[in-house]
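Visitor: Please read through the structure below; I'll follow up with questions.
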Amino acid sequence: MAFPKAEIETLWAPWRVEYFETKDRNPNFLENAARASDDAEHLVITRRKNAFLMMNRYPYTVGHLMAVPYRKTGDVASLGDNEVLELWQLTIHAQRLLRDAAKAQGFNVGINLGECAGAGVVDHVHVHIVPRWSGDTNFMPIIGGTRTLSEGLRALYEKLIAAQERLNG
């Protein structure tokens, strides 16, 4: 009997079709979220004076958040002291929320500057906060070239908002 390779290499992830079928992906989604009044629609979790925290609509892993300055710039050197401070404070806040809502045990935090560095949005700096768990690495990304996400965006958004309310007292 032959090994059923075709069946095993096929994964069903229907929520990803939204991203792949979008021909004209919105390169200004961060700027749009900055100006939006409907935070839930744009997955914005927290707003401060100079920056905000939002979920990544197409996450690397469940709970992938981004701290974003309102001002659109691709150069971190052009950020003012208050913007840098708020971005870092939101990065810390994101970790607290993810520890509470998703029981995150660790984090990858970083900024991709420039297209060659992996920046999907080169003209609007943002800090990635990616939660991690002990044992969360597996064969799927390496062999299957596929990441698996165990929770939907809306469900996690609601958990993060609830965690924020608990943490704010």
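Every chain in the structure tokens takes a letter, A first, then B, and so on in the order presented; its residues are numbered from 1, and the ligands are numbered from 1 following the presented order.
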Which polymer residues have any atom within 6 Å of an atom of range 80-97 of chain A, counting only C-alpha atoms, with same-chain residues fewer than 2 positions away left out, as a PyMOL selection string?
Guide: chain A and resi 50+67+99-101+163
Visitor: Can you pull out the residues contacting Glu31 in chain A? Cut-off 12 Å, using only C-alpha atoms, and skip same-chain residues under 3 positions away; I want them as a list in words.
Guide: Asn26, Pro27, Asn28, Ala34, Arg35, Ala36, His42, Val44, Ala51, Phe52, Met54, Val68, Pro69, Tyr70, Arg71, Lys72, Thr73, Val121, Asp123, His124, Val125 and His126 of chain A
Visitor: Could you tell me, as a PyMOL selection string, which residues of range 18-142 of chain A DSSP assigns to helix (DSSP H, G or I) when given the backbone?
Guide: chain A and resi 18-21+29-35+39-42+76-78+81-102+115-117+139-142
Visitor: Keeping N, CA and C atoms, export the residues of the selection given above as a compact mmCIF listing (two decimals), in the first residue's frame.
Guide:
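Once written, again.txt looks like this:
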# COMPACT_ATOMS: atom_id res chain seq x y z
N GLU A 18 -9.17 34.67 3.02
CA GLU A 18 -9.42 36.12 3.01
C GLU A 18 -8.15 36.88 2.64
N TYR A 19 -7.03 36.47 3.18
CA TYR A 19 -5.75 37.13 2.91
C TYR A 19 -5.28 36.85 1.49
N PHE A 20 -5.32 35.59 1.09
CA PHE A 20 -4.78 35.21 -0.22
C PHE A 20 -5.64 35.70 -1.38
N GLU A 21 -6.95 35.83 -1.18
CA GLU A 21 -7.82 36.28 -2.25
C GLU A 21 -7.85 37.79 -2.39
N PHE A 29 -3.29 49.93 6.04
CA PHE A 29 -4.17 49.42 7.10
C PHE A 29 -3.78 49.95 8.48
N LEU A 30 -2.50 50.22 8.71
CA LEU A 30 -2.09 50.78 10.01
C LEU A 30 -2.59 52.21 10.15
N GLU A 31 -2.44 53.00 9.10
CA GLU A 31 -2.93 54.37 9.11
C GLU A 31 -4.45 54.41 9.25
N ASN A 32 -5.13 53.49 8.56
CA ASN A 32 -6.59 53.41 8.68
C ASN A 32 -7.01 53.07 10.10
N ALA A 33 -6.32 52.13 10.72
CA ALA A 33 -6.62 51.76 12.11
C ALA A 33 -6.35 52.92 13.05
N ALA A 34 -5.30 53.70 12.76
CA ALA A 34 -4.97 54.86 13.60
C ALA A 34 -6.10 55.87 13.60
N ARG A 35 -6.75 56.04 12.47
CA ARG A 35 -7.80 57.06 12.32
C ARG A 35 -9.20 56.53 12.59
N ASP A 39 -12.92 50.55 16.88
CA ASP A 39 -11.73 49.79 17.27
C ASP A 39 -11.89 48.29 17.02
N ALA A 40 -13.05 47.73 17.31
CA ALA A 40 -13.25 46.29 17.13
C ALA A 40 -13.08 45.89 15.67
N GLU A 41 -13.59 46.69 14.76
CA GLU A 41 -13.47 46.40 13.33
C GLU A 41 -12.01 46.35 12.89
N HIS A 42 -11.18 47.20 13.47
CA HIS A 42 -9.77 47.29 13.11
C HIS A 42 -8.86 46.52 14.07
N VAL A 76 12.64 54.89 12.37
CA VAL A 76 12.55 54.97 13.83
C VAL A 76 13.28 56.19 14.37
N ALA A 77 14.30 56.67 13.68
CA ALA A 77 15.05 57.85 14.13
C ALA A 77 14.18 59.11 14.09
N SER A 78 13.11 59.09 13.31
CA SER A 78 12.24 60.27 13.23
C SER A 78 11.18 60.29 14.33
N ASP A 81 10.46 61.39 21.35
CA ASP A 81 10.62 60.69 22.63
C ASP A 81 9.30 60.13 23.16
N ASN A 82 8.22 60.91 23.05
CA ASN A 82 6.92 60.45 23.55
C ASN A 82 6.39 59.26 22.74
N GLU A 83 6.65 59.26 21.43
CA GLU A 83 6.23 58.13 20.61
C GLU A 83 7.00 56.87 20.98
N VAL A 84 8.32 57.01 21.14
CA VAL A 84 9.14 55.86 21.52
C VAL A 84 8.70 55.32 22.88
N LEU A 85 8.49 56.21 23.83
CA LEU A 85 8.07 55.79 25.17
C LEU A 85 6.74 55.04 25.11
N GLU A 86 5.77 55.58 24.39
CA GLU A 86 4.46 54.92 24.32
C GLU A 86 4.52 53.60 23.57
N LEU A 87 5.33 53.52 22.53
CA LEU A 87 5.49 52.24 21.83
C LEU A 87 6.03 51.18 22.78
N TRP A 88 7.02 51.56 23.57
CA TRP A 88 7.60 50.60 24.51
C TRP A 88 6.62 50.26 25.63
N GLN A 89 5.88 51.26 26.13
CA GLN A 89 4.87 51.00 27.16
C GLN A 89 3.78 50.07 26.63
N LEU A 90 3.37 50.27 25.37
CA LEU A 90 2.36 49.39 24.78
C LEU A 90 2.90 47.98 24.56
N THR A 91 4.18 47.87 24.28
CA THR A 91 4.81 46.56 24.15
C THR A 91 4.74 45.81 25.48
N ILE A 92 5.02 46.50 26.56
CA ILE A 92 4.92 45.91 27.90
C ILE A 92 3.47 45.57 28.23
N HIS A 93 2.56 46.49 27.91
CA HIS A 93 1.13 46.26 28.14
C HIS A 93 0.65 45.03 27.36
N ALA A 94 1.11 44.89 26.12
CA ALA A 94 0.73 43.74 25.29
C ALA A 94 1.15 42.44 25.96
N GLN A 95 2.34 42.43 26.52
CA GLN A 95 2.82 41.22 27.20
C GLN A 95 1.93 40.88 28.40
N ARG A 96 1.55 41.89 29.15
CA ARG A 96 0.65 41.65 30.30
C ARG A 96 -0.68 41.07 29.83
N LEU A 97 -1.24 41.66 28.77
CA LEU A 97 -2.52 41.18 28.25
C LEU A 97 -2.41 39.74 27.77
N LEU A 98 -1.34 39.44 27.05
CA LEU A 98 -1.18 38.10 26.50
C LEU A 98 -0.87 37.06 27.57
N ARG A 99 -0.18 37.47 28.63
CA ARG A 99 0.02 36.54 29.75
C ARG A 99 -1.32 36.21 30.39
N ASP A 100 -2.16 37.21 30.55
CA ASP A 100 -3.46 37.02 31.20
C ASP A 100 -4.43 36.27 30.29
N ALA A 101 -4.60 36.74 29.06
CA ALA A 101 -5.65 36.21 28.19
C ALA A 101 -5.27 34.91 27.48
N ALA A 102 -3.99 34.75 27.15
CA ALA A 102 -3.57 33.59 26.37
C ALA A 102 -2.54 32.73 27.08
N GLU A 115 12.21 46.67 3.49
CA GLU A 115 11.66 45.50 2.82
C GLU A 115 12.59 44.30 2.92
N CYS A 116 13.90 44.53 2.78
CA CYS A 116 14.84 43.41 2.84
C CYS A 116 14.91 42.79 4.23
N ALA A 117 14.44 43.52 5.25
CA ALA A 117 14.43 43.00 6.62
C ALA A 117 13.10 42.32 6.95
N PHE A 139 6.60 20.41 13.93
CA PHE A 139 7.01 20.10 12.57
C PHE A 139 6.24 20.85 11.50
N MET A 140 5.09 21.40 11.81
CA MET A 140 4.22 21.98 10.78
C MET A 140 4.91 23.06 9.94
N PRO A 141 5.52 24.09 10.54
CA PRO A 141 6.15 25.12 9.70
C PRO A 141 7.36 24.59 8.92
N ILE A 142 8.06 23.64 9.49
CA ILE A 142 9.29 23.16 8.88
C ILE A 142 8.99 22.20 7.73
Visitor: List the neighbours of Pro59 in chain A out to 10 Å using only C-alpha atoms; skip same-chain residues closer than 3 positions along the sequence, and give me the result as a list in words.
Guide: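 The neighbour list is Met55, Asn56, Val62, Gly63, His64, Leu65, Val130, Arg147, Leu149 and Leu153 of chain A.
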Visitor: Please identify the strand (DSSP E) residues within range 51-134 of chain A (assignment by DSSP from backbone atoms) and present them as a PDB file with N, CA, C and O atoms, in the first residue's frame.
Guide:
ATOM      1  N   ALA A  51       0.351  56.566  20.278  1.00  0.00           N
ATOM      2  CA  ALA A  51       0.461  55.227  19.693  1.00  0.00           C
ATOM      3  C   ALA A  51      -0.711  54.364  20.134  1.00  0.00           C
ATOM      4  O   ALA A  51      -1.424  54.717  21.079  1.00  0.00           O
ATOM      5  N   PHE A  52      -0.879  53.239  19.455  1.00  0.00           N
ATOM      6  CA  PHE A  52      -1.964  52.324  19.785  1.00  0.00           C
ATOM      7  C   PHE A  52      -1.494  50.886  19.634  1.00  0.00           C
ATOM      8  O   PHE A  52      -0.461  50.612  19.019  1.00  0.00           O
ATOM      9  N   LEU A  53      -2.272  49.964  20.207  1.00  0.00           N
ATOM     10  CA  LEU A  53      -1.976  48.537  20.164  1.00  0.00           C
ATOM     11  C   LEU A  53      -3.094  47.840  19.420  1.00  0.00           C
ATOM     12  O   LEU A  53      -4.267  48.077  19.698  1.00  0.00           O
ATOM     13  N   MET A  54      -2.717  46.976  18.474  1.00  0.00           N
ATOM     14  CA  MET A  54      -3.723  46.257  17.698  1.00  0.00           C
ATOM     15  C   MET A  54      -3.277  44.832  17.436  1.00  0.00           C
ATOM     16  O   MET A  54      -2.091  44.504  17.530  1.00  0.00           O
ATOM     17  N   MET A  55      -4.252  43.984  17.085  1.00  0.00           N
ATOM     18  CA  MET A  55      -3.963  42.615  16.691  1.00  0.00           C
ATOM     19  C   MET A  55      -3.512  42.599  15.240  1.00  0.00           C
ATOM     20  O   MET A  55      -3.949  43.419  14.436  1.00  0.00           O
ATOM     21  N   LEU A  65       0.483  40.687  18.268  1.00  0.00           N
ATOM     22  CA  LEU A  65       0.028  42.075  18.390  1.00  0.00           C
ATOM     23  C   LEU A  65       1.058  43.026  17.793  1.00  0.00           C
ATOM     24  O   LEU A  65       2.215  42.648  17.577  1.00  0.00           O
ATOM     25  N   MET A  66       0.618  44.268  17.558  1.00  0.00           N
ATOM     26  CA  MET A  66       1.510  45.292  17.028  1.00  0.00           C
ATOM     27  C   MET A  66       1.267  46.611  17.764  1.00  0.00           C
ATOM     28  O   MET A  66       0.123  47.030  17.923  1.00  0.00           O
ATOM     29  N   ALA A  67       2.351  47.257  18.189  1.00  0.00           N
ATOM     30  CA  ALA A  67       2.290  48.605  18.754  1.00  0.00           C
ATOM     31  C   ALA A  67       2.673  49.548  17.624  1.00  0.00           C
ATOM     32  O   ALA A  67       3.706  49.360  16.970  1.00  0.00           O
ATOM     33  N   VAL A  68       1.825  50.560  17.396  1.00  0.00           N
ATOM     34  CA  VAL A  68       1.953  51.393  16.199  1.00  0.00           C
ATOM     35  C   VAL A  68       1.849  52.872  16.568  1.00  0.00           C
ATOM     36  O   VAL A  68       0.914  53.270  17.267  1.00  0.00           O
ATOM     37  N   PRO A  69       2.770  53.721  16.085  1.00  0.00           N
ATOM     38  CA  PRO A  69       2.584  55.154  16.300  1.00  0.00           C
ATOM     39  C   PRO A  69       1.475  55.661  15.371  1.00  0.00           C
ATOM     40  O   PRO A  69       1.275  55.115  14.284  1.00  0.00           O
ATOM     41  N   GLY A 106       6.343  33.431  27.027  1.00  0.00           N
ATOM     42  CA  GLY A 106       7.493  34.170  26.524  1.00  0.00           C
ATOM     43  C   GLY A 106       7.068  34.988  25.319  1.00  0.00           C
ATOM     44  O   GLY A 106       5.907  34.915  24.885  1.00  0.00           O
ATOM     45  N   PHE A 107       7.989  35.772  24.761  1.00  0.00           N
ATOM     46  CA  PHE A 107       7.650  36.665  23.653  1.00  0.00           C
ATOM     47  C   PHE A 107       8.825  36.856  22.714  1.00  0.00           C
ATOM     48  O   PHE A 107       9.976  36.863  23.147  1.00  0.00           O
ATOM     49  N   ASN A 108       8.513  37.027  21.444  1.00  0.00           N
ATOM     50  CA  ASN A 108       9.456  37.570  20.480  1.00  0.00           C
ATOM     51  C   ASN A 108       8.962  38.985  20.238  1.00  0.00           C
ATOM     52  O   ASN A 108       7.791  39.197  19.917  1.00  0.00           O
ATOM     53  N   VAL A 109       9.844  39.967  20.412  1.00  0.00           N
ATOM     54  CA  VAL A 109       9.500  41.370  20.207  1.00  0.00           C
ATOM     55  C   VAL A 109      10.489  41.938  19.205  1.00  0.00           C
ATOM     56  O   VAL A 109      11.698  41.747  19.360  1.00  0.00           O
ATOM     57  N   GLY A 110       9.973  42.623  18.186  1.00  0.00           N
ATOM     58  CA  GLY A 110      10.901  43.167  17.208  1.00  0.00           C
ATOM     59  C   GLY A 110      10.273  44.134  16.233  1.00  0.00           C
ATOM     60  O   GLY A 110       9.053  44.288  16.166  1.00  0.00           O
ATOM     61  N   VAL A 127       5.915  47.811  16.109  1.00  0.00           N
ATOM     62  CA  VAL A 127       6.612  46.820  16.927  1.00  0.00           C
ATOM     63  C   VAL A 127       5.761  45.560  16.984  1.00  0.00           C
ATOM     64  O   VAL A 127       4.578  45.630  17.327  1.00  0.00           O
ATOM     65  N   HIS A 128       6.359  44.424  16.650  1.00  0.00           N
ATOM     66  CA  HIS A 128       5.665  43.137  16.721  1.00  0.00           C
ATOM     67  C   HIS A 128       5.861  42.538  18.108  1.00  0.00           C
ATOM     68  O   HIS A 128       6.978  42.496  18.620  1.00  0.00           O
ATOM     69  N   ILE A 129       4.766  42.082  18.710  1.00  0.00           N
ATOM     70  CA  ILE A 129       4.803  41.368  19.977  1.00  0.00           C
ATOM     71  C   ILE A 129       4.173  40.004  19.697  1.00  0.00           C
ATOM     72  O   ILE A 129       2.964  39.903  19.472  1.00  0.00           O
ATOM     73  N   VAL A 130       5.004  38.970  19.668  1.00  0.00           N
ATOM     74  CA  VAL A 130       4.546  37.628  19.302  1.00  0.00           C
ATOM     75  C   VAL A 130       4.672  36.720  20.523  1.00  0.00           C
ATOM     76  O   VAL A 130       5.780  36.475  21.005  1.00  0.00           O
ATOM     77  N   PRO A 131       3.533  36.238  21.049  1.00  0.00           N
ATOM     78  CA  PRO A 131       3.589  35.371  22.230  1.00  0.00           C
ATOM     79  C   PRO A 131       4.143  34.004  21.889  1.00  0.00           C
ATOM     80  O   PRO A 131       3.993  33.518  20.768  1.00  0.00           O
ATOM     81  N   ARG A 132       4.772  33.385  22.880  1.00  0.00           N
ATOM     82  CA  ARG A 132       5.341  32.047  22.722  1.00  0.00           C
ATOM     83  C   ARG A 132       4.997  31.206  23.945  1.00  0.00           C
ATOM     84  O   ARG A 132       4.755  31.740  25.021  1.00  0.00           O
TER      85      ARG A 132
END
Visitor: What does the distance from CA of Ser134 in chain A to CA of Tyr157 in chain A come to in Å, to one decimal?
Guide: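 So the answer is 22.5 Å.
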Visitor: Could you tell me how far CA of Ile161 in chain A lies from CA of Trp133 in chain A, in Å and to one decimal?
Guide: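 Atom-to-atom, CA of Ile161 in chain A to CA of Trp133 in chain A, that is 20.9 Å.
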Visitor: So how many Å separate CA of Gly74 in chain A and CA of Ile45 in chain A, to one decimal?
Guide: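 So the answer is 22.4 Å.
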